[in-house]
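Asker: Provided herewith: final.cif, mmCIF, C-alpha atoms and all ligand atoms.
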```cif
data_coords
#
loop_
_atom_site.label_atom_id
_atom_site.label_comp_id
_atom_site.auth_asym_id
_atom_site.auth_seq_id
_atom_site.Cartn_x
_atom_site.Cartn_y
_atom_site.Cartn_z
CA MET B 1 12.12 9.59 26.99
CA THR B 2 13.66 11.33 23.97
CA ARG B 3 12.59 14.74 22.65
CA ILE B 4 10.93 12.98 19.74
CA VAL B 5 7.35 11.92 20.37
CA HIS B 6 7.65 8.30 19.30
CA ARG B 7 4.57 6.19 18.72
CA THR B 8 5.36 4.09 21.77
CA LEU B 9 6.38 6.43 24.55
CA ASN B 10 8.81 5.42 27.30
CA LYS B 11 10.58 2.93 25.11
CA ARG B 12 14.21 2.93 24.08
CA TYR B 13 14.73 2.62 20.33
CA PRO B 14 18.03 1.54 18.81
CA VAL B 15 19.61 4.34 16.78
CA ALA B 16 19.72 3.36 13.11
CA VAL B 17 22.85 4.71 11.45
CA GLY B 18 23.29 2.75 8.26
CA GLY B 19 21.65 0.49 5.75
CA GLU B 20 22.77 -1.72 2.93
CA GLY B 21 20.70 -4.22 0.98
CA VAL B 22 18.32 -6.01 3.36
CA TRP B 23 20.29 -4.90 6.43
CA ILE B 24 19.98 -1.97 8.84
CA VAL B 25 22.83 -1.23 11.27
CA ASP B 26 22.46 0.54 14.62
CA ALA B 27 24.85 2.81 16.51
CA ASP B 28 26.17 -0.14 18.52
CA GLY B 29 27.06 -1.96 15.31
CA ARG B 30 24.20 -4.49 15.61
CA ARG B 31 22.78 -5.66 12.30
CA TYR B 32 19.05 -6.23 11.69
CA ILE B 33 17.72 -8.12 8.71
CA ASP B 34 14.81 -6.13 7.30
CA ALA B 35 12.14 -8.75 6.67
CA SER B 36 9.31 -6.25 6.49
CA GLY B 37 10.82 -3.49 4.35
CA GLY B 38 10.03 -1.27 7.34
CA ALA B 39 6.29 -1.41 6.66
CA ALA B 40 6.40 -2.92 3.15
CA VAL B 41 8.24 0.15 1.93
CA SER B 42 11.89 -0.68 1.17
CA CYS B 43 11.31 -2.77 -1.95
CA LEU B 44 14.89 -2.34 -3.22
CA GLY B 45 16.50 -2.55 0.21
CA HIS B 46 18.70 0.15 1.65
CA GLY B 47 21.45 2.27 0.11
CA HIS B 48 20.76 1.35 -3.51
CA PRO B 49 23.45 3.18 -5.54
CA ASP B 50 21.22 3.86 -8.59
CA ILE B 51 18.52 5.46 -6.48
CA ASN B 52 21.02 7.50 -4.49
CA ALA B 53 22.62 8.74 -7.73
CA ALA B 54 19.25 9.74 -9.22
CA MET B 55 18.38 11.69 -6.08
CA HIS B 56 21.76 13.46 -6.02
CA ALA B 57 21.41 14.42 -9.66
CA GLN B 58 17.93 15.86 -9.07
CA ILE B 59 19.00 17.81 -5.98
CA ASP B 60 21.80 19.39 -8.00
CA LYS B 61 19.24 20.53 -10.58
CA LEU B 62 16.16 21.43 -8.58
CA ALA B 63 14.67 20.09 -5.36
CA TYR B 64 11.31 21.81 -5.17
CA ALA B 65 8.99 23.90 -7.31
CA HIS B 66 5.41 24.35 -6.10
CA THR B 67 2.95 22.61 -8.40
CA SER B 68 0.54 25.52 -8.49
CA PHE B 69 3.28 27.36 -10.43
CA PHE B 70 5.25 24.67 -12.26
CA THR B 71 5.38 21.11 -13.42
CA THR B 72 8.77 19.36 -13.65
CA GLU B 73 10.31 17.00 -16.17
CA VAL B 74 10.90 14.36 -13.53
CA ALA B 75 7.30 14.41 -12.28
CA GLU B 76 6.00 14.22 -15.86
CA GLU B 77 8.31 11.30 -16.61
CA LEU B 78 7.24 9.44 -13.49
CA ALA B 79 3.58 10.02 -14.37
CA GLU B 80 4.20 8.67 -17.90
CA THR B 81 5.88 5.58 -16.42
CA LEU B 82 3.00 4.93 -14.02
CA ALA B 83 0.38 5.57 -16.71
CA ALA B 84 2.07 3.18 -19.14
CA ASP B 85 1.63 0.27 -16.73
CA ALA B 86 -1.59 1.35 -15.04
CA PRO B 87 -4.61 -0.95 -14.91
CA ASP B 88 -7.08 -0.34 -17.74
CA GLY B 89 -8.37 3.20 -17.92
CA ILE B 90 -6.69 4.70 -14.86
CA GLY B 91 -3.77 6.47 -16.46
CA HIS B 92 -4.17 9.87 -14.77
CA VAL B 93 -1.76 10.48 -11.92
CA TYR B 94 -2.24 12.72 -8.89
CA PHE B 95 0.89 12.87 -6.72
CA VAL B 96 0.89 13.10 -2.93
CA SER B 97 3.43 12.52 -0.17
CA GLY B 98 2.27 9.20 1.29
CA GLY B 99 -0.41 6.59 1.75
CA SER B 100 -2.90 8.38 3.98
CA GLU B 101 -2.74 11.45 1.74
CA ALA B 102 -3.41 9.23 -1.26
CA VAL B 103 -6.49 7.78 0.41
CA GLU B 104 -7.77 11.23 1.43
CA ALA B 105 -7.31 12.46 -2.12
CA ALA B 106 -9.08 9.43 -3.59
CA LEU B 107 -12.07 9.85 -1.25
CA LYS B 108 -12.37 13.53 -2.15
CA MET B 109 -11.92 12.90 -5.87
CA ALA B 110 -14.70 10.35 -5.72
CA ARG B 111 -17.06 12.71 -3.92
CA GLN B 112 -16.21 15.67 -6.17
CA TYR B 113 -16.78 13.51 -9.24
CA PHE B 114 -20.40 12.96 -8.27
CA VAL B 115 -20.88 16.65 -7.47
CA GLU B 116 -19.44 17.53 -10.89
CA ILE B 117 -21.80 15.16 -12.70
CA GLY B 118 -24.88 16.28 -10.80
CA GLN B 119 -25.29 13.47 -8.28
CA PRO B 120 -24.57 15.36 -5.05
CA GLN B 121 -26.90 13.07 -3.09
CA ARG B 122 -24.18 10.39 -3.08
CA LYS B 123 -22.54 10.66 0.32
CA HIS B 124 -21.85 7.13 1.63
CA PHE B 125 -18.65 5.16 1.51
CA ILE B 126 -18.57 1.41 2.09
CA ALA B 127 -15.37 -0.24 3.24
CA ARG B 128 -14.34 -3.39 5.08
CA ARG B 129 -13.88 -4.36 8.70
CA GLN B 130 -10.28 -4.82 9.84
CA SER B 131 -8.92 -2.85 6.87
CA TYR B 132 -6.20 -0.24 7.21
CA HIS B 133 -6.21 2.86 5.02
CA GLY B 134 -4.17 5.34 7.06
CA ASN B 135 -4.31 7.57 10.09
CA THR B 136 -5.74 10.88 8.87
CA LEU B 137 -9.40 11.34 9.70
CA GLY B 138 -10.87 10.37 6.32
CA ALA B 139 -8.57 7.39 5.94
CA LEU B 140 -9.24 6.38 9.53
CA ALA B 141 -12.98 6.54 8.88
CA VAL B 142 -12.85 4.13 5.95
CA GLY B 143 -10.41 1.95 7.89
CA GLY B 144 -12.13 -0.87 9.68
CA ASN B 145 -9.99 -1.37 12.73
CA ALA B 146 -12.23 -0.85 15.75
CA TRP B 147 -9.36 -0.26 18.17
CA ARG B 148 -7.78 2.49 16.07
CA ARG B 149 -11.12 4.20 15.41
CA ARG B 150 -12.50 4.00 18.93
CA GLN B 151 -11.41 7.28 20.52
CA PHE B 152 -11.87 9.29 17.32
CA ALA B 153 -15.29 7.86 16.45
CA PRO B 154 -17.23 11.10 17.06
CA LEU B 155 -15.01 12.91 14.54
CA LEU B 156 -15.27 10.42 11.70
CA ILE B 157 -17.44 10.50 8.57
CA ASP B 158 -20.05 7.79 8.56
CA VAL B 159 -18.81 4.68 6.73
CA GLU B 160 -20.49 1.27 6.45
CA HIS B 161 -18.14 -1.68 6.91
CA VAL B 162 -18.65 -5.15 5.43
CA SER B 163 -16.71 -8.38 5.96
CA PRO B 164 -13.21 -8.74 4.56
CA PRO B 165 -12.18 -11.96 2.83
CA TYR B 166 -10.88 -14.15 5.62
CA ALA B 167 -10.94 -17.67 4.29
CA TYR B 168 -9.05 -19.20 7.22
CA ARG B 169 -12.03 -18.69 9.51
CA ASP B 170 -14.96 -17.67 7.35
CA MET B 171 -14.95 -20.08 4.42
CA GLN B 172 -17.35 -22.82 5.40
CA MET B 173 -16.73 -26.58 5.26
CA GLY B 174 -17.45 -27.75 1.73
CA GLU B 175 -17.72 -24.21 0.36
CA SER B 176 -15.52 -23.43 -2.65
CA PRO B 177 -13.41 -20.24 -2.67
CA ALA B 178 -15.56 -18.96 -5.54
CA ASP B 179 -18.78 -19.53 -3.58
CA TYR B 180 -17.22 -17.88 -0.55
CA GLY B 181 -16.29 -14.88 -2.73
CA GLN B 182 -19.87 -14.63 -4.00
CA ARG B 183 -21.16 -14.77 -0.42
CA LEU B 184 -19.00 -11.73 0.36
CA VAL B 185 -20.31 -9.96 -2.74
CA ALA B 186 -23.89 -10.74 -1.64
CA GLU B 187 -23.20 -9.12 1.74
CA LEU B 188 -21.93 -6.00 -0.02
CA SER B 189 -25.00 -6.06 -2.26
CA ASP B 190 -27.29 -6.11 0.79
CA THR B 191 -25.45 -3.15 2.29
CA ILE B 192 -25.76 -1.18 -0.97
CA ALA B 193 -29.47 -2.00 -1.12
CA ARG B 194 -29.97 -0.77 2.44
CA LEU B 195 -28.24 2.57 1.71
CA GLY B 196 -29.74 2.89 -1.78
CA GLY B 197 -27.26 2.40 -4.62
CA GLU B 198 -27.86 5.95 -5.84
CA ASN B 199 -26.57 7.31 -2.51
CA VAL B 200 -23.23 5.50 -2.43
CA ILE B 201 -20.02 7.16 -3.59
CA ALA B 202 -17.56 4.27 -3.52
CA PHE B 203 -16.52 0.92 -2.16
CA VAL B 204 -13.00 1.08 -0.72
CA ALA B 205 -10.82 -1.99 -0.19
CA GLU B 206 -7.23 -3.12 0.00
CA THR B 207 -6.72 -5.53 -2.89
CA VAL B 208 -4.71 -7.75 -0.55
CA GLY B 209 -5.27 -6.84 3.11
CA GLY B 210 -2.11 -5.75 4.88
CA ALA B 211 -1.14 -3.79 7.95
CA THR B 212 -3.91 -4.79 10.33
CA SER B 213 -5.13 -8.02 8.78
CA GLY B 214 -1.99 -9.92 7.69
CA ALA B 215 -1.96 -10.57 3.95
CA LEU B 216 -5.64 -11.44 3.42
CA VAL B 217 -5.92 -12.66 -0.16
CA PRO B 218 -9.23 -12.21 -2.02
CA PRO B 219 -11.00 -15.43 -3.00
CA VAL B 220 -11.17 -16.12 -6.73
CA GLY B 221 -13.81 -14.01 -8.49
CA TYR B 222 -14.59 -11.86 -5.47
CA LEU B 223 -13.21 -8.58 -6.83
CA LYS B 224 -14.77 -9.23 -10.24
CA GLY B 225 -18.11 -9.64 -8.47
CA VAL B 226 -17.50 -6.42 -6.54
CA ARG B 227 -16.62 -4.60 -9.77
CA GLU B 228 -19.84 -5.77 -11.46
CA LEU B 229 -21.91 -4.77 -8.47
CA CYS B 230 -20.34 -1.29 -8.35
CA ASP B 231 -20.96 -0.84 -12.10
CA ARG B 232 -24.59 -1.86 -11.73
CA HIS B 233 -25.16 0.97 -9.23
CA GLY B 234 -22.76 3.55 -10.72
CA ILE B 235 -20.62 3.27 -7.58
CA LEU B 236 -16.86 3.90 -7.86
CA LEU B 237 -14.39 1.19 -6.89
CA ILE B 238 -11.36 2.47 -4.97
CA LEU B 239 -8.59 -0.07 -4.49
CA ASP B 240 -5.98 0.83 -1.91
CA GLU B 241 -2.67 -0.66 -3.02
CA VAL B 242 -0.51 1.49 -0.76
CA MET B 243 0.90 -1.63 0.88
CA CYS B 244 0.22 -4.53 -1.48
CA GLY B 245 0.95 -2.65 -4.70
CA MET B 246 3.98 -1.62 -6.76
CA GLY B 247 5.19 -5.16 -7.27
CA ARG B 248 4.91 -6.55 -3.75
CA THR B 249 2.60 -9.42 -4.71
CA GLY B 250 4.49 -10.34 -7.91
CA THR B 251 2.65 -8.14 -10.39
CA LEU B 252 3.07 -4.38 -10.50
CA HIS B 253 -0.49 -3.94 -9.25
CA ALA B 254 -2.12 -6.61 -7.11
CA CYS B 255 -5.46 -6.12 -8.91
CA GLU B 256 -3.93 -7.41 -12.17
CA GLN B 257 -4.10 -10.91 -10.68
CA GLU B 258 -7.85 -10.45 -10.13
CA GLY B 259 -8.46 -9.22 -13.68
CA VAL B 260 -10.05 -6.08 -12.25
CA ALA B 261 -9.32 -2.39 -12.77
CA PRO B 262 -10.65 0.10 -10.21
CA ASP B 263 -11.78 3.67 -10.92
CA LEU B 264 -9.26 5.06 -8.45
CA MET B 265 -6.20 3.36 -7.03
CA THR B 266 -3.87 4.54 -4.29
CA VAL B 267 -0.17 3.67 -4.26
CA ALA B 268 2.67 4.82 -1.98
CA LYS B 269 5.24 2.91 0.14
CA GLY B 270 7.01 0.85 -2.55
CA LEU B 271 6.48 3.59 -5.14
CA GLY B 272 9.54 5.41 -3.79
CA GLY B 273 10.95 2.43 -1.93
CA GLY B 274 11.49 4.56 1.19
CA TYR B 275 14.04 6.78 -0.48
CA GLN B 276 11.58 9.63 -0.36
CA PRO B 277 8.01 9.94 0.93
CA ILE B 278 5.74 9.78 -2.11
CA GLY B 279 2.35 8.43 -3.10
CA ALA B 280 -0.11 8.75 -5.93
CA VAL B 281 -3.72 8.30 -6.90
CA LEU B 282 -4.24 6.73 -10.30
CA ALA B 283 -7.55 7.98 -11.62
CA SER B 284 -9.81 7.11 -14.52
CA GLY B 285 -10.25 9.43 -17.48
CA ARG B 286 -13.98 9.59 -16.72
CA ILE B 287 -13.27 11.24 -13.36
CA VAL B 288 -10.60 13.65 -14.56
CA ASP B 289 -12.70 14.61 -17.62
CA ALA B 290 -15.63 15.42 -15.36
CA PHE B 291 -13.40 17.80 -13.38
CA ALA B 292 -12.04 19.35 -16.58
CA ARG B 293 -15.51 19.87 -18.09
CA GLY B 294 -16.96 21.03 -14.77
CA THR B 295 -15.29 23.36 -12.31
CA GLY B 296 -11.85 22.70 -13.87
CA PHE B 297 -10.37 22.40 -10.41
CA PHE B 298 -9.73 19.57 -7.96
CA GLN B 299 -10.72 20.99 -4.61
CA HIS B 300 -7.81 19.49 -2.70
CA GLY B 301 -4.03 19.78 -2.55
CA HIS B 302 -0.87 19.66 -0.47
CA THR B 303 2.29 21.75 -0.50
CA TYR B 304 4.76 19.02 -1.42
CA LEU B 305 2.85 17.08 -4.04
CA GLY B 306 5.01 16.08 -6.98
CA HIS B 307 8.21 17.01 -5.07
CA ALA B 308 11.04 16.74 -7.60
CA VAL B 309 13.46 14.73 -5.45
CA ALA B 310 10.68 12.37 -4.38
CA CYS B 311 9.73 11.91 -8.03
CA ALA B 312 13.39 11.30 -8.97
CA ALA B 313 13.67 8.62 -6.30
CA ALA B 314 10.41 6.97 -7.36
CA LEU B 315 11.30 7.12 -11.04
CA ALA B 316 14.65 5.45 -10.33
CA VAL B 317 12.98 2.78 -8.17
CA GLN B 318 10.50 2.05 -10.95
CA GLN B 319 13.24 1.92 -13.58
CA VAL B 320 15.34 -0.52 -11.52
CA ILE B 321 12.32 -2.78 -10.96
CA ARG B 322 11.79 -2.97 -14.72
CA ARG B 323 15.48 -3.11 -15.72
CA ASP B 324 16.33 -5.89 -13.24
CA ARG B 325 13.09 -7.82 -13.88
CA LEU B 326 12.35 -7.72 -10.18
CA LEU B 327 8.68 -8.69 -10.51
CA ASP B 328 9.84 -12.12 -11.72
CA ARG B 329 12.13 -12.21 -8.73
CA VAL B 330 9.27 -11.38 -6.34
CA ARG B 331 7.34 -14.38 -7.67
CA VAL B 332 10.31 -16.75 -7.36
CA GLN B 333 11.40 -15.53 -3.93
CA GLY B 334 7.76 -15.46 -2.86
CA ARG B 335 7.50 -19.18 -3.56
CA ALA B 336 10.80 -19.74 -1.76
CA LEU B 337 9.45 -17.85 1.25
CA THR B 338 6.22 -19.88 1.29
CA GLU B 339 8.19 -23.13 1.19
CA ARG B 340 10.30 -22.04 4.13
CA LEU B 341 7.29 -20.84 6.14
CA VAL B 342 5.45 -24.09 5.52
CA ALA B 343 8.52 -26.14 6.49
CA ARG B 344 9.05 -24.16 9.69
CA PHE B 345 5.46 -23.43 10.76
CA GLY B 346 3.27 -25.92 8.86
CA GLN B 347 2.95 -28.15 11.93
CA HIS B 348 3.68 -25.51 14.57
CA PRO B 349 1.21 -25.85 17.46
CA HIS B 350 0.62 -22.09 17.55
CA VAL B 351 0.52 -21.18 13.87
CA GLY B 352 -2.98 -21.55 12.44
CA ASP B 353 -2.56 -20.02 9.00
CA ILE B 354 0.18 -19.17 6.52
CA ARG B 355 -1.04 -16.89 3.73
CA GLY B 356 -0.18 -14.19 1.24
CA ARG B 357 1.13 -13.58 -2.22
CA GLY B 358 4.58 -12.82 -3.61
CA LEU B 359 6.77 -11.21 -0.98
CA PHE B 360 3.74 -10.24 1.09
CA GLN B 361 3.03 -13.09 3.48
CA ALA B 362 1.87 -13.63 7.03
CA ILE B 363 1.46 -16.22 9.73
CA GLU B 364 -1.48 -16.07 12.13
CA LEU B 365 -1.02 -17.30 15.68
CA VAL B 366 -3.51 -19.36 17.65
CA SER B 367 -3.38 -20.87 21.11
CA ASP B 368 -4.79 -24.10 19.67
CA ARG B 369 -4.63 -25.23 16.04
CA ALA B 370 -7.70 -27.46 16.12
CA SER B 371 -10.14 -24.99 17.65
CA LYS B 372 -8.37 -21.94 16.09
CA GLN B 373 -8.70 -20.23 19.47
CA VAL B 374 -6.86 -16.88 19.56
CA PHE B 375 -4.46 -15.94 22.34
CA ASP B 376 -5.72 -13.59 25.05
CA PRO B 377 -5.17 -10.08 23.57
CA ALA B 378 -4.00 -8.91 27.01
CA LEU B 379 -0.85 -11.00 26.46
CA LYS B 380 0.13 -8.59 23.66
CA LEU B 381 1.86 -11.44 21.93
CA HIS B 382 2.55 -9.36 18.82
CA ALA B 383 4.52 -6.80 20.84
CA LYS B 384 6.51 -9.57 22.51
CA ILE B 385 7.31 -11.20 19.18
CA LYS B 386 8.38 -7.84 17.75
CA GLN B 387 10.79 -7.28 20.65
CA ALA B 388 12.08 -10.87 20.62
CA ALA B 389 12.70 -10.57 16.88
CA MET B 390 14.56 -7.26 17.27
CA ASP B 391 16.69 -8.86 20.00
CA LEU B 392 17.54 -11.56 17.45
CA GLY B 393 18.36 -8.97 14.77
CA LEU B 394 15.13 -9.40 12.78
CA MET B 395 12.70 -6.67 11.69
CA CYS B 396 9.26 -8.13 11.02
CA TYR B 397 5.76 -6.65 11.28
CA PRO B 398 3.67 -8.28 14.02
CA MET B 399 0.20 -6.94 14.75
CA GLY B 400 -2.51 -7.68 17.31
CA GLY B 401 -5.75 -9.42 16.36
CA THR B 402 -9.30 -8.34 16.25
CA ILE B 403 -12.19 -8.44 13.72
CA ASP B 404 -14.40 -8.70 16.80
CA GLY B 405 -11.86 -10.86 18.63
CA ARG B 406 -11.70 -13.62 16.02
CA LEU B 407 -8.47 -12.65 14.25
CA GLY B 408 -5.31 -13.80 16.01
CA ASP B 409 -2.04 -11.95 16.47
CA HIS B 410 -0.17 -12.20 13.19
CA VAL B 411 3.23 -11.44 11.73
CA LEU B 412 3.58 -9.88 8.28
CA LEU B 413 6.70 -10.40 6.19
CA ALA B 414 7.49 -8.09 3.27
CA PRO B 415 11.22 -8.27 2.60
CA PRO B 416 12.94 -6.27 -0.14
CA PHE B 417 12.58 -7.81 -3.62
CA ILE B 418 16.36 -8.38 -3.69
CA VAL B 419 16.28 -10.79 -0.74
CA SER B 420 18.47 -13.88 -1.32
CA ASP B 421 17.73 -17.51 -0.46
CA ASP B 422 20.22 -17.42 2.41
CA GLU B 423 18.59 -14.30 3.76
CA LEU B 424 15.15 -15.97 3.53
CA ASP B 425 16.57 -18.92 5.52
CA MET B 426 17.80 -16.50 8.14
CA ILE B 427 14.49 -14.61 8.29
CA VAL B 428 12.41 -17.73 8.82
CA GLU B 429 14.87 -19.24 11.29
CA ARG B 430 14.94 -16.06 13.41
CA LEU B 431 11.17 -15.68 13.20
CA GLY B 432 10.78 -19.27 14.38
CA GLU B 433 13.00 -18.54 17.32
CA ALA B 434 11.15 -15.32 18.15
CA VAL B 435 7.73 -17.04 18.01
N1 LIG X 1 -3.30 2.34 3.01
C1 LIG X 1 -2.75 1.16 3.28
C2 LIG X 1 -3.31 -0.07 2.64
C3 LIG X 1 -1.67 1.06 4.15
O1 LIG X 1 -1.14 -0.14 4.44
C4 LIG X 1 -1.14 2.24 4.72
C5 LIG X 1 0.06 2.21 5.65
N2 LIG X 1 0.29 1.05 6.33
C6 LIG X 1 -1.75 3.45 4.41
C7 LIG X 1 -2.81 3.48 3.54
C8 LIG X 1 -1.25 4.75 4.99
O2 LIG X 1 -0.02 5.08 4.48
P1 LIG X 1 0.93 6.14 5.22
O3 LIG X 1 1.36 5.49 6.49
O4 LIG X 1 2.04 6.37 4.24
O5 LIG X 1 0.13 7.37 5.46
#
```
Can you present the structure in this file as structure tokens?
Answerer:
Amino acid sequence: MTRIVHRTLNKRYPVAVGGEGVWIVDADGRRYIDASGGAAVSCLGHGHPDINAAMHAQIDKLAYAHTSFFTTEVAEELAETLAADAPDGIGHVYFVSGGSEAVEAALKMARQYFVEIGQPQRKHFIARRQSYHGNTLGALAVGGNAWRRRQFAPLLIDVEHVSPPYAYRDMQMGESPADYGQRLVAELSDTIARLGGENVIAFVAETVGGATSGALVPPVGYLKGVRELCDRHGILLILDEVMCGMGRTGTLHACEQEGVAPDLMTVAKGLGGGYQPIGAVLASGRIVDAFARGTGFFQHGHTYLGHAVACAAALAVQQVIRRDRLLDRVRVQGRALTERLVARFGQHPHVGDIRGRGLFQAIELVSDRASKQVFDPALKLHAKIKQAAMDLGLMCYPMGGTIDGRLGDHVLLAPPFIVSDDELDMIVERLGEAV
């Protein structure tokens, strides 16, 4: 055991000492191709000279000034950049240090908004089963992963969970994707009716499901239906784009492809590309105005929010994405990845589904393709694939199943946007070998 409390205790981790492009190198000189961007974080790969230079320049000027005393040029410029490309109406930026913090802040903003406007009776959140929103207690409560919640259940705020979009198993024979989407909206509508629409604060969802569900893509029209339903009851829509956002699915924000703008949106991971921990909540003017007209204070905050070096890293990442037209590249390389996954796994006896968008894709494993039977969870197939892949010099993001035992082990791929065709070949070949 090392002094560091690692997530998995009693395991030996290779010591990472270097990184360049899509590669990480360990102390023994072994090279690992980063096919998951860590956890969908490293969107520009490792050791990007422009990002490093921007961070150095900021450190030489100023690293940290507490935001209850100062703002900084770099934080203001990053906020302007994010606001310029924000979905309709959500151009107000609240900085945090990561994804869970972003989710906590969004939940509290949503609740405070209703207190400010004189609707303090609203106290329910609705979210989705099998979702992942982070590991702090509020984020864990909206998260819908039964295994992660189990031992903390008595500590969690009460959240209702509805079905996620999971077309592979839940779309019925003969049902169109649009009808399936409306069926999901109807389920949400029933839940709202049961709680009383006037008592609900917000519906919280990942635009494209990620960490614990494996790139679950919303059926056409589903999020529009959700948006309409929320509007009808005055409920806020919170989209969590910590993992699927900031270009990962081929548009800057995944919700652009659904034609939907939320009231609050969380971003992190790819925002700073792993060069610094940073996240943000993008909030609507209606919410921020209510705070300004009301108490004039957001009752929440963290020490490092808006950290100047983190903002410098994120600003540089965002500038490179725009300068190098990397969103176009995500779409092209995303198609190239799908082609390779279909060629390698399309007929594989143990791959039931290949899904995702842009450079955010997953395969789901089954013991039998025809019956879609999942593997026995006790096999811990995901952990075995992760180790086999690492032994082959491949970082990917395998995860165990669940939504009540129906979701199979799956492997998420989220390589840096700069990944080349040859590197995609290598990723899919090594993954095939690992599986
Ligand atoms: N929301 C989503 C959708 C995520 O995927 C994650 C991280 N996997 C989080 C929130 C939490 O982010 P962090 O680990 O930075 O706290």
Asker: Could you pull out every residue with an atom within 8 Å of (-15.6, 5.8, -2.9), file coordinates, counting only C-alpha atoms, and send them as a PyMOL selection string?
Answerer: chain B and resi 106-107+110-111+124-126+200-204+235-238
Asker: Would you export the selected residues with C-alpha atoms as a compact mmCIF listing (two decimals), in the frame of the given file, please?
Answerer:
```
# COMPACT_ATOMS: atom_id res chain seq x y z
CA ALA B 106 -9.08 9.43 -3.59
CA LEU B 107 -12.07 9.85 -1.25
CA ALA B 110 -14.70 10.35 -5.72
CA ARG B 111 -17.06 12.71 -3.92
CA HIS B 124 -21.85 7.13 1.63
CA PHE B 125 -18.65 5.16 1.51
CA ILE B 126 -18.57 1.41 2.09
CA VAL B 200 -23.23 5.50 -2.43
CA ILE B 201 -20.02 7.16 -3.59
CA ALA B 202 -17.56 4.27 -3.52
CA PHE B 203 -16.52 0.92 -2.16
CA VAL B 204 -13.00 1.08 -0.72
CA ILE B 235 -20.62 3.27 -7.58
CA LEU B 236 -16.86 3.90 -7.86
CA LEU B 237 -14.39 1.19 -6.89
CA ILE B 238 -11.36 2.47 -4.97
```
Asker: Just checking: using all atoms listed in the file, which residue out of B:Ala53, B:Ala215, B:Ile427, B:Ala127 ends up closest to Met399 (chain B)?
Answerer: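 The shortest atom-to-atom distance to Met399 (chain B) comes from B:Ala215.
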Asker: Please measure the separation of CA of Thr249 (chain B) and atom C4 of ligand LIG 1 (chain X), giving the value in Å to one decimal.
Answerer: 15.5 Å
Asker: Hey, can you check how far CA of Ile354 (chain B) sits from CA of Gly334 (chain B)?
Answerer: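 CA of Gly334 (chain B) lies 12.6 Å from CA of Ile354 (chain B).
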Asker: Within 6 Å of ligand LIG 1 (chain X), which residues of chain B show up? Give each one with its shortest atom-to-atom distance in Å (one decimal) and the two atoms involved, counting all atoms listed in the file, rows by chain then rising residue number, as CSV.
Answerer:
```
residue,atom,partner,partner_atom,distance
B:Gly98,CA,X:LIG1,O4,4.1
B:Gly99,CA,X:LIG1,O2,3.1
B:Ser100,CA,X:LIG1,O5,3.5
B:Tyr132,CA,X:LIG1,C2,5.4
B:His133,CA,X:LIG1,N1,3.6
B:Gly134,CA,X:LIG1,C8,3.6
B:Glu206,CA,X:LIG1,C2,5.6
B:Gly210,CA,X:LIG1,O1,5.7
B:Ala211,CA,X:LIG1,O1,5.1
B:Asp240,CA,X:LIG1,C2,5.4
B:Glu241,CA,X:LIG1,C2,5.7
B:Val242,CA,X:LIG1,C1,4.6
B:Met243,CA,X:LIG1,O1,4.4
```
Asker: With the cut-off set at 12 Å and counting all atoms listed in the file, tabulate each residue of region 371-420 of chain B with an atom at most that distance from an atom of region 255-275 of chain B, showing the nearest atom pair and its distance in Å to one decimal, ordered by chain and increasing number, as a tab-separated table.
Answerer:
```
residue	atom	partner	partner_atom	distance
B:Ala414	CA	B:Gly270	CA	10.7
B:Pro415	CA	B:Gly270	CA	11.3
B:Pro416	CA	B:Gly273	CA	9.1
B:Phe417	CA	B:Gly270	CA	10.4
```
Asker: From the options B:Phe345, B:Ala205, B:Asn145, B:Ala40, which residue's atoms come nearest to Leu412 (chain B), counting all atoms listed in the file?
Answerer: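 Closest residue, counting all atoms listed in the file: B:Ala40.
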Asker: Looking at all atoms listed in the file, which of B:Met173, B:Phe360, B:Ala167, B:Cys230 is the one that sits closest to Ser189 (chain B)?
Answerer: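 Ranking B:Met173, B:Phe360, B:Ala167, B:Cys230 by distance to Ser189 (chain B), first place goes to B:Cys230.
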Asker: Given the choices B:Gly225, B:Gly393, B:Gly358, B:Gly250, which gets closest to Asp26 (chain B) if the distance is worked out from all atoms listed in the file?
Answerer: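 Using all atoms listed in the file, the shortest distance to Asp26 (chain B) belongs to B:Gly393.
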Asker: Between B:Arg430, B:His56, B:Arg232, B:Lys372, single out the one closest to Asp391 (chain B), counting all atoms listed in the file.
Answerer: B:Arg430
Asker: Grab the CA of Tyr397 (chain B) to CA of Ile385 (chain B) distance for me, in Å with one decimal place.
Answerer: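 Atom-to-atom, CA of Tyr397 (chain B) to CA of Ile385 (chain B), that is 9.2 Å.
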Asker: Using only C-alpha atoms, which of the listed residues (B:Ala75, B:Arg323, B:Glu364, B:Pro218) sits closest to Leu341 (chain B)?
Answerer: B:Glu364
Asker: Could you list, as a count of residues only, every residue within 12 Å of region 335-339 of chain B, counting only C-alpha atoms and ignoring same-chain residues fewer than 4 positions away?
Answerer: 37
Asker: Around (15.9, 1.5, -10.9), as given in the file, which residues come within 10 Å? Count all atoms listed in the file and list them as a short mmCIF file (atom, residue, chain, number, x, y, z; two decimals) with C-alpha atoms, keeping the file's coordinate frame.
Answerer:
```cif
data_model
loop_
_atom_site.label_atom_id
_atom_site.label_comp_id
_atom_site.auth_asym_id
_atom_site.auth_seq_id
_atom_site.Cartn_x
_atom_site.Cartn_y
_atom_site.Cartn_z
CA LEU B 44 14.89 -2.34 -3.22
CA HIS B 48 20.76 1.35 -3.51
CA PRO B 49 23.45 3.18 -5.54
CA ASP B 50 21.22 3.86 -8.59
CA ILE B 51 18.52 5.46 -6.48
CA ALA B 54 19.25 9.74 -9.22
CA ALA B 313 13.67 8.62 -6.30
CA ALA B 314 10.41 6.97 -7.36
CA LEU B 315 11.30 7.12 -11.04
CA ALA B 316 14.65 5.45 -10.33
CA VAL B 317 12.98 2.78 -8.17
CA GLN B 318 10.50 2.05 -10.95
CA GLN B 319 13.24 1.92 -13.58
CA VAL B 320 15.34 -0.52 -11.52
CA ILE B 321 12.32 -2.78 -10.96
CA ARG B 322 11.79 -2.97 -14.72
CA ARG B 323 15.48 -3.11 -15.72
CA ASP B 324 16.33 -5.89 -13.24
CA LEU B 326 12.35 -7.72 -10.18
#
```
